[in-house]
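Student: My file is target-v7.cif. It has mmCIF, C-alpha atoms:
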data_start
loop_
_atom_site.label_atom_id
_atom_site.label_comp_id
_atom_site.auth_asym_id
_atom_site.auth_seq_id
_atom_site.Cartn_x
_atom_site.Cartn_y
_atom_site.Cartn_z
CA MET A 58 -70.04 41.04 13.82
CA PRO A 59 -73.49 42.59 13.25
CA LEU A 60 -75.15 42.19 9.88
CA THR A 61 -74.85 45.38 7.80
CA LEU A 62 -76.45 46.52 4.56
CA ARG A 63 -73.15 45.73 2.82
CA THR A 64 -72.73 42.21 4.15
CA ALA A 65 -76.36 41.11 3.69
CA PRO A 66 -76.24 40.87 -0.14
CA LEU A 67 -72.97 38.90 0.09
CA LEU A 68 -74.47 36.41 2.52
CA LEU A 69 -77.56 36.09 0.32
CA LEU A 70 -75.39 35.39 -2.74
CA LEU A 71 -73.36 32.78 -0.86
CA GLY A 72 -76.58 31.14 0.29
CA LEU A 73 -77.94 31.00 -3.26
CA LEU A 74 -74.69 29.52 -4.56
CA ALA A 75 -74.73 26.87 -1.85
CA PHE A 76 -78.36 26.01 -2.63
CA SER A 77 -77.56 25.85 -6.35
CA GLY A 78 -74.66 23.52 -5.62
CA CYS A 79 -76.86 21.22 -3.56
CA THR A 80 -79.51 21.19 -6.30
CA THR A 81 -76.91 20.38 -8.96
CA PHE A 82 -75.46 17.62 -6.78
CA ALA A 83 -78.94 16.14 -6.23
CA SER A 84 -79.60 16.26 -9.98
CA LEU A 85 -76.32 14.49 -10.70
CA ASN A 86 -77.13 11.84 -8.12
CA SER A 87 -80.57 11.35 -9.71
CA ALA A 88 -79.06 11.11 -13.20
CA ALA A 89 -76.45 8.61 -12.00
CA ARG A 90 -79.06 6.38 -10.36
CA ASN A 91 -79.28 2.96 -11.94
CA ILE A 92 -82.39 2.53 -14.11
CA GLU A 93 -83.61 -1.04 -14.56
CA THR A 94 -83.91 -2.29 -18.15
CA TYR A 95 -86.96 -4.28 -19.28
CA GLU A 96 -87.77 -6.42 -22.32
CA LEU A 97 -91.22 -7.58 -23.41
CA HIS A 98 -91.86 -11.09 -24.78
CA PRO A 99 -92.63 -12.04 -28.39
CA LEU A 100 -95.04 -14.90 -29.03
CA ALA A 101 -93.52 -18.33 -28.46
CA SER A 102 -92.45 -20.50 -31.39
CA GLN A 103 -95.30 -22.50 -32.92
CA GLY A 104 -93.17 -24.98 -34.84
CA PRO A 105 -90.70 -25.26 -37.72
CA VAL A 106 -90.65 -22.57 -40.42
CA ARG A 107 -92.68 -23.32 -43.53
CA VAL A 108 -90.24 -24.13 -46.35
CA GLY A 109 -90.83 -21.95 -49.39
CA GLY A 110 -93.16 -19.64 -47.47
CA ARG A 111 -93.53 -15.90 -47.87
CA MET A 112 -90.58 -13.56 -47.37
CA VAL A 113 -91.54 -10.60 -45.17
CA PHE A 114 -89.81 -7.34 -44.27
CA VAL A 115 -90.91 -5.65 -41.03
CA ALA A 116 -90.24 -1.90 -41.11
CA GLU A 117 -89.50 0.21 -38.04
CA PRO A 118 -92.79 1.68 -36.78
CA SER A 119 -93.61 5.36 -36.86
CA VAL A 120 -94.04 6.80 -33.35
CA SER A 121 -94.79 10.14 -31.69
CA GLY A 122 -92.09 12.30 -30.10
CA ALA A 123 -92.66 10.93 -26.59
CA LEU A 124 -91.98 7.40 -27.84
CA GLY A 125 -88.76 8.33 -29.61
CA SER A 126 -86.45 6.93 -26.92
CA GLU A 127 -86.16 3.86 -24.72
CA ARG A 128 -88.01 5.56 -21.81
CA ILE A 129 -91.35 4.12 -20.63
CA VAL A 130 -94.13 6.67 -21.13
CA VAL A 131 -96.47 7.39 -18.22
CA LYS A 132 -99.34 9.89 -18.40
CA PRO A 133 -100.48 11.43 -15.08
CA ASP A 134 -103.31 13.19 -16.94
CA ALA A 135 -104.58 13.83 -20.46
CA LEU A 136 -102.21 16.75 -21.16
CA LYS A 137 -99.06 15.71 -19.31
CA VAL A 138 -96.35 13.30 -20.50
CA ALA A 139 -93.83 11.80 -18.07
CA PHE A 140 -91.43 8.87 -17.98
CA LEU A 141 -91.18 6.02 -15.52
CA PRO A 142 -88.25 7.13 -13.31
CA ASP A 143 -86.90 3.68 -12.47
CA GLY A 144 -87.35 1.70 -15.69
CA ARG A 145 -86.65 1.77 -19.43
CA TRP A 146 -86.96 -0.52 -22.44
CA VAL A 147 -83.99 -2.56 -23.62
CA GLU A 148 -83.94 -0.56 -26.88
CA PRO A 149 -85.81 2.47 -28.32
CA THR A 150 -89.56 1.91 -28.24
CA SER A 151 -90.03 1.80 -32.02
CA VAL A 152 -87.20 -0.72 -32.42
CA HIS A 153 -88.52 -2.85 -29.56
CA ILE A 154 -92.03 -2.98 -31.03
CA ARG A 155 -90.64 -3.83 -34.48
CA ASN A 156 -88.52 -6.66 -33.08
CA LEU A 157 -91.43 -8.06 -31.04
CA LEU A 158 -93.66 -8.10 -34.12
CA ALA A 159 -90.95 -9.58 -36.37
CA ARG A 160 -90.07 -12.35 -33.90
CA SER A 161 -93.73 -13.16 -33.32
CA LEU A 162 -94.36 -13.44 -37.07
CA ALA A 163 -91.26 -15.62 -37.49
CA ASN A 164 -92.28 -17.82 -34.55
CA SER A 165 -95.65 -18.50 -36.18
CA GLY A 166 -93.86 -21.00 -38.43
CA GLN A 167 -96.11 -19.99 -41.33
CA LEU A 168 -93.71 -17.66 -43.16
CA GLY A 169 -90.51 -18.52 -44.97
CA LEU A 170 -88.37 -15.56 -43.86
CA VAL A 171 -89.09 -12.59 -41.60
CA SER A 172 -86.43 -9.89 -41.58
CA THR A 173 -85.84 -6.39 -40.22
CA ASN A 174 -82.74 -5.94 -42.39
CA THR A 175 -83.03 -3.68 -45.41
CA VAL A 176 -80.28 -5.66 -47.14
CA GLY A 177 -81.32 -9.05 -48.47
CA PRO A 178 -83.66 -10.77 -50.92
CA MET A 179 -86.70 -8.88 -52.21
CA PRO A 180 -89.56 -9.60 -49.81
CA ASP A 181 -93.05 -10.58 -50.87
CA PHE A 182 -94.60 -8.25 -48.28
CA THR A 183 -93.66 -5.26 -46.14
CA VAL A 184 -95.28 -4.85 -42.72
CA MET A 185 -95.63 -1.22 -41.58
CA THR A 186 -96.82 -0.07 -38.16
CA ASP A 187 -98.10 3.26 -36.88
CA VAL A 188 -97.93 3.25 -33.07
CA GLU A 189 -100.64 5.55 -31.72
CA VAL A 190 -100.58 4.73 -28.00
CA PHE A 191 -97.99 2.87 -25.94
CA GLN A 192 -98.29 4.19 -22.40
CA ALA A 193 -99.42 3.71 -18.82
CA GLU A 194 -102.18 6.04 -17.63
CA ILE A 195 -102.14 6.72 -13.90
CA GLY A 196 -105.42 6.42 -11.99
CA SER A 197 -107.41 5.21 -15.00
CA PRO A 198 -109.92 3.78 -14.45
CA ALA A 199 -110.79 5.17 -11.02
CA GLY A 200 -109.45 2.91 -8.31
CA ALA A 201 -106.80 1.24 -10.49
CA PRO A 202 -103.13 2.22 -9.95
CA ALA A 203 -102.52 2.45 -13.71
CA ARG A 204 -103.91 1.16 -16.98
CA VAL A 205 -101.57 0.28 -19.83
CA ILE A 206 -102.87 1.00 -23.33
CA VAL A 207 -101.21 -0.17 -26.54
CA ALA A 208 -102.79 0.83 -29.84
CA MET A 209 -101.40 0.68 -33.35
CA THR A 210 -102.38 0.34 -37.00
CA ILE A 211 -100.60 -2.37 -38.97
CA SER A 212 -100.50 -2.19 -42.76
CA ILE A 213 -99.30 -4.82 -45.21
CA ALA A 214 -98.03 -3.88 -48.66
CA SER A 215 -97.03 -6.10 -51.55
CA ASP A 216 -93.49 -5.41 -52.68
CA VAL A 217 -94.50 -6.18 -56.24
CA GLY A 218 -95.62 -2.66 -57.12
CA GLY A 219 -96.03 -1.53 -53.51
CA ARG A 220 -99.77 -2.13 -53.46
CA LEU A 221 -101.50 -1.86 -50.08
CA VAL A 222 -102.96 -5.29 -49.38
CA ALA A 223 -104.58 -4.78 -45.98
CA ALA A 224 -104.59 -2.57 -42.87
CA ARG A 225 -106.12 -3.01 -39.44
CA HIS A 226 -106.23 -1.17 -36.12
CA PHE A 227 -105.39 -3.04 -32.90
CA VAL A 228 -105.84 -1.92 -29.31
CA HIS A 229 -105.43 -3.77 -26.01
CA THR A 230 -105.33 -2.71 -22.36
CA SER A 231 -104.18 -4.21 -19.08
CA ASP A 232 -104.51 -2.91 -15.50
CA SER A 233 -101.37 -2.71 -13.40
CA THR A 234 -101.38 -4.09 -9.86
CA GLY A 235 -99.25 -1.18 -8.60
CA LEU A 236 -97.10 1.78 -9.56
CA ASP A 237 -93.67 0.17 -9.32
CA ALA A 238 -91.77 -0.38 -12.56
CA PRO A 239 -92.03 -4.22 -12.51
CA GLN A 240 -95.81 -4.03 -12.03
CA ILE A 241 -96.31 -1.51 -14.83
CA VAL A 242 -94.01 -3.43 -17.18
CA ALA A 243 -95.92 -6.65 -16.41
CA ALA A 244 -99.11 -4.88 -17.53
CA PHE A 245 -97.34 -3.75 -20.72
CA ASP A 246 -96.35 -7.38 -21.34
CA LEU A 247 -99.93 -8.63 -20.95
CA ALA A 248 -101.38 -5.96 -23.24
CA MET A 249 -98.66 -6.36 -25.87
CA THR A 250 -98.92 -10.16 -25.85
CA ALA A 251 -102.67 -9.93 -26.49
CA LEU A 252 -102.07 -7.47 -29.33
CA LEU A 253 -99.30 -9.59 -30.87
CA ARG A 254 -101.48 -12.70 -30.73
CA GLU A 255 -104.34 -11.00 -32.59
CA ALA A 256 -102.12 -9.12 -35.05
CA THR A 257 -99.95 -12.13 -35.91
CA VAL A 258 -102.92 -14.37 -36.76
CA TRP A 259 -104.41 -11.63 -38.93
CA ALA A 260 -101.15 -10.74 -40.70
CA VAL A 261 -100.22 -14.36 -41.43
CA ASP A 262 -103.69 -15.03 -42.83
CA VAL A 263 -103.39 -11.99 -45.08
CA MET A 264 -99.91 -12.86 -46.33
CA ILE A 265 -100.57 -16.52 -47.08
CA GLY A 266 -103.73 -15.52 -48.94
CA ALA A 267 -106.40 -16.82 -46.53
CA ARG A 268 -108.16 -13.46 -46.57
CA ARG A 269 -107.69 -9.92 -47.88
CA VAL A 270 -109.45 -7.74 -45.30
#
Translate the structure described by the file into structure tokens.

Tutor:
Amino acid sequence: MPLTLRTAPLLLLLGLLAFSGCTTFASLNSAARNIETYELHPLASQGPVRVGGRMVFVAEPSVSGALGSERIVVKPDALKVAFLPDGRWVEPTSVHIRNLLARSLANSGQLGLVSTNTVGPMPDFTVMTDVEVFQAEIGSPAGAPARVIVAMTISIASDVGGRLVAARHFVHTSDSTGLDAPQIVAAFDLAMTALLREATVWAVDVMIGARRV
């Protein structure tokens, strides 16, 4: 039957509905795709816990909106924020960073108790973290697949009066060997391990009274 002015709009509508259905189906397939879960490493244990050492509470860090979930942030350029499509952290980013810092401090063996629980004995110190950057930047520097940057300010307050004892900014980078999730996560692990190593030594020194800077 020849196409008429009456049948053309109907065929166009059916075509659009079919295309919409295919798009929806593709979106559902994409959403249902398995996303691998990744966990970074805290510093290894350095020995038995010091008996009678300082009691420390590690608060959940403050983060920007893009870091408010368990998705791994990737920046294609300075103004665009995206997420790694085939990988995510084992827990929300702020919780994961807090747990890495708390476990690293506890594994130093220099502190009596390190806790992330708000219920418990009054701590001697509270460790607070402001996460400024925790992302992979694509094509930076030129020639590299991606560069991971982790940057945060860690502050230590005395829980006797809430006095700020010390604060310091930390930043570390690591170049990824590729753009696959395991390669980018490996770069995150290298950068975060370097930051944890520097931050833990500094924080322990501050809290056991070796220095106040």

Student: Selection in question (the file shown): the PyMOL selection byres ((chain A and resi 146) around 9). Which residues does it include, as a count of residues only?

Tutor: 16

Student: When distances are computed from all atoms listed in the file, which of A:Gly218, A:Pro239, A:Pro202, A:Arg254 shows the smallest separation from Pro133 of chain A?

Tutor: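 Among A:Gly218, A:Pro239, A:Pro202, A:Arg254, it is A:Pro202 that comes nearest to Pro133 of chain A.
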
Student: Pull out every residue that the PyMOL selection byres ((chain A and resi 245) around 12) matches in the shown coordinates and put them as JSON, numbers by chain.

Tutor: {"A": [95, 96, 97, 98, 129, 130, 131, 146, 154, 190, 191, 192, 193, 194, 203, 204, 205, 206, 207, 208, 229, 230, 231, 232, 233, 234, 238, 239, 240, 241, 242, 243, 244, 246, 247, 248, 249, 250, 251, 252, 253]}

Student: Translate the PyMOL selection byres ((chain A and resi 156-170) around 6) into a concrete residue list for this structure, as an mmCIF file with C-alpha atoms, in the coordinates of the input.

Tutor:
data_model
loop_
_atom_site.group_PDB
_atom_site.id
_atom_site.type_symbol
_atom_site.label_atom_id
_atom_site.label_comp_id
_atom_site.auth_asym_id
_atom_site.auth_seq_id
_atom_site.Cartn_x
_atom_site.Cartn_y
_atom_site.Cartn_z
ATOM 1 C CA PRO A 99 -92.630 -12.040 -28.390
ATOM 2 C CA LEU A 100 -95.040 -14.900 -29.030
ATOM 3 C CA SER A 102 -92.450 -20.500 -31.390
ATOM 4 C CA GLN A 103 -95.300 -22.500 -32.920
ATOM 5 C CA GLY A 104 -93.170 -24.980 -34.840
ATOM 6 C CA PRO A 105 -90.700 -25.260 -37.720
ATOM 7 C CA VAL A 106 -90.650 -22.570 -40.420
ATOM 8 C CA ARG A 107 -92.680 -23.320 -43.530
ATOM 9 C CA VAL A 108 -90.240 -24.130 -46.350
ATOM 10 C CA GLY A 109 -90.830 -21.950 -49.390
ATOM 11 C CA GLY A 110 -93.160 -19.640 -47.470
ATOM 12 C CA ARG A 111 -93.530 -15.900 -47.870
ATOM 13 C CA MET A 112 -90.580 -13.560 -47.370
ATOM 14 C CA HIS A 153 -88.520 -2.850 -29.560
ATOM 15 C CA ILE A 154 -92.030 -2.980 -31.030
ATOM 16 C CA ARG A 155 -90.640 -3.830 -34.480
ATOM 17 C CA VAL A 171 -89.090 -12.590 -41.600
ATOM 18 C CA THR A 257 -99.950 -12.130 -35.910
#

Student: Considering only C-alpha atoms, state which residue in the set A:Ala116, A:Ile195, A:Val217, A:Ala101 is at the smallest distance from Ala139 of chain A.

Tutor: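 Checking each candidate against Ala139 of chain A, we get A:Ile195 as the closest.
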
Student: What's the separation between atom CA of Gly196 of chain A and atom CA of Gly125 of chain A, in Å to one decimal place?

Tutor: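 Between atom CA of Gly196 of chain A and atom CA of Gly125 of chain A the gap works out to 24.3 Å.
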
Student: For a test of reading the model, state the distance in Å between atom CA of Thr173 of chain A and atom CA of Met185 of chain A, rounded to one decimal.

Tutor: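 Atom CA of Met185 of chain A lies 11.2 Å from atom CA of Thr173 of chain A.
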
Student: Could you tell me which of A:Pro142, A:Met179, A:Val228, A:Ala201 comes closest to Asn91 of chain A if we count only C-alpha atoms?

Tutor: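 Among the listed residues, A:Pro142 lies closest to Asn91 of chain A.
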
Student: My list of candidates is A:Ser121, A:Met209, A:Val115, A:Leu141. Which is closest to Ile92 of chain A when distances are computed with all atoms listed in the file?

Tutor: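 Closest to Ile92 of chain A of all the choices is A:Leu141.
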
Student: Give the answer as one residue: which of A:Val184, A:Leu236, A:Val263, A:Leu221 has the shortest atom-to-atom distance to Phe114 of chain A, using only C-alpha atoms?

Tutor: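 Closest to Phe114 of chain A of all the choices is A:Val184.
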
Student: Would you mind reading off the distance between atom CA of His226 of chain A and atom CA of Val138 of chain A, one decimal, in Å?

Tutor: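 About the pair atom CA of His226 of chain A and atom CA of Val138 of chain A: they are 23.5 Å apart.
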
Student: For Met264 of chain A, which of A:Ile211, A:Asp181, A:Gly122, A:Val176 is the closest residue, counting all atoms listed in the file?

Tutor: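 Looking at the shortest contact to Met264 of chain A, the residue is A:Asp181.
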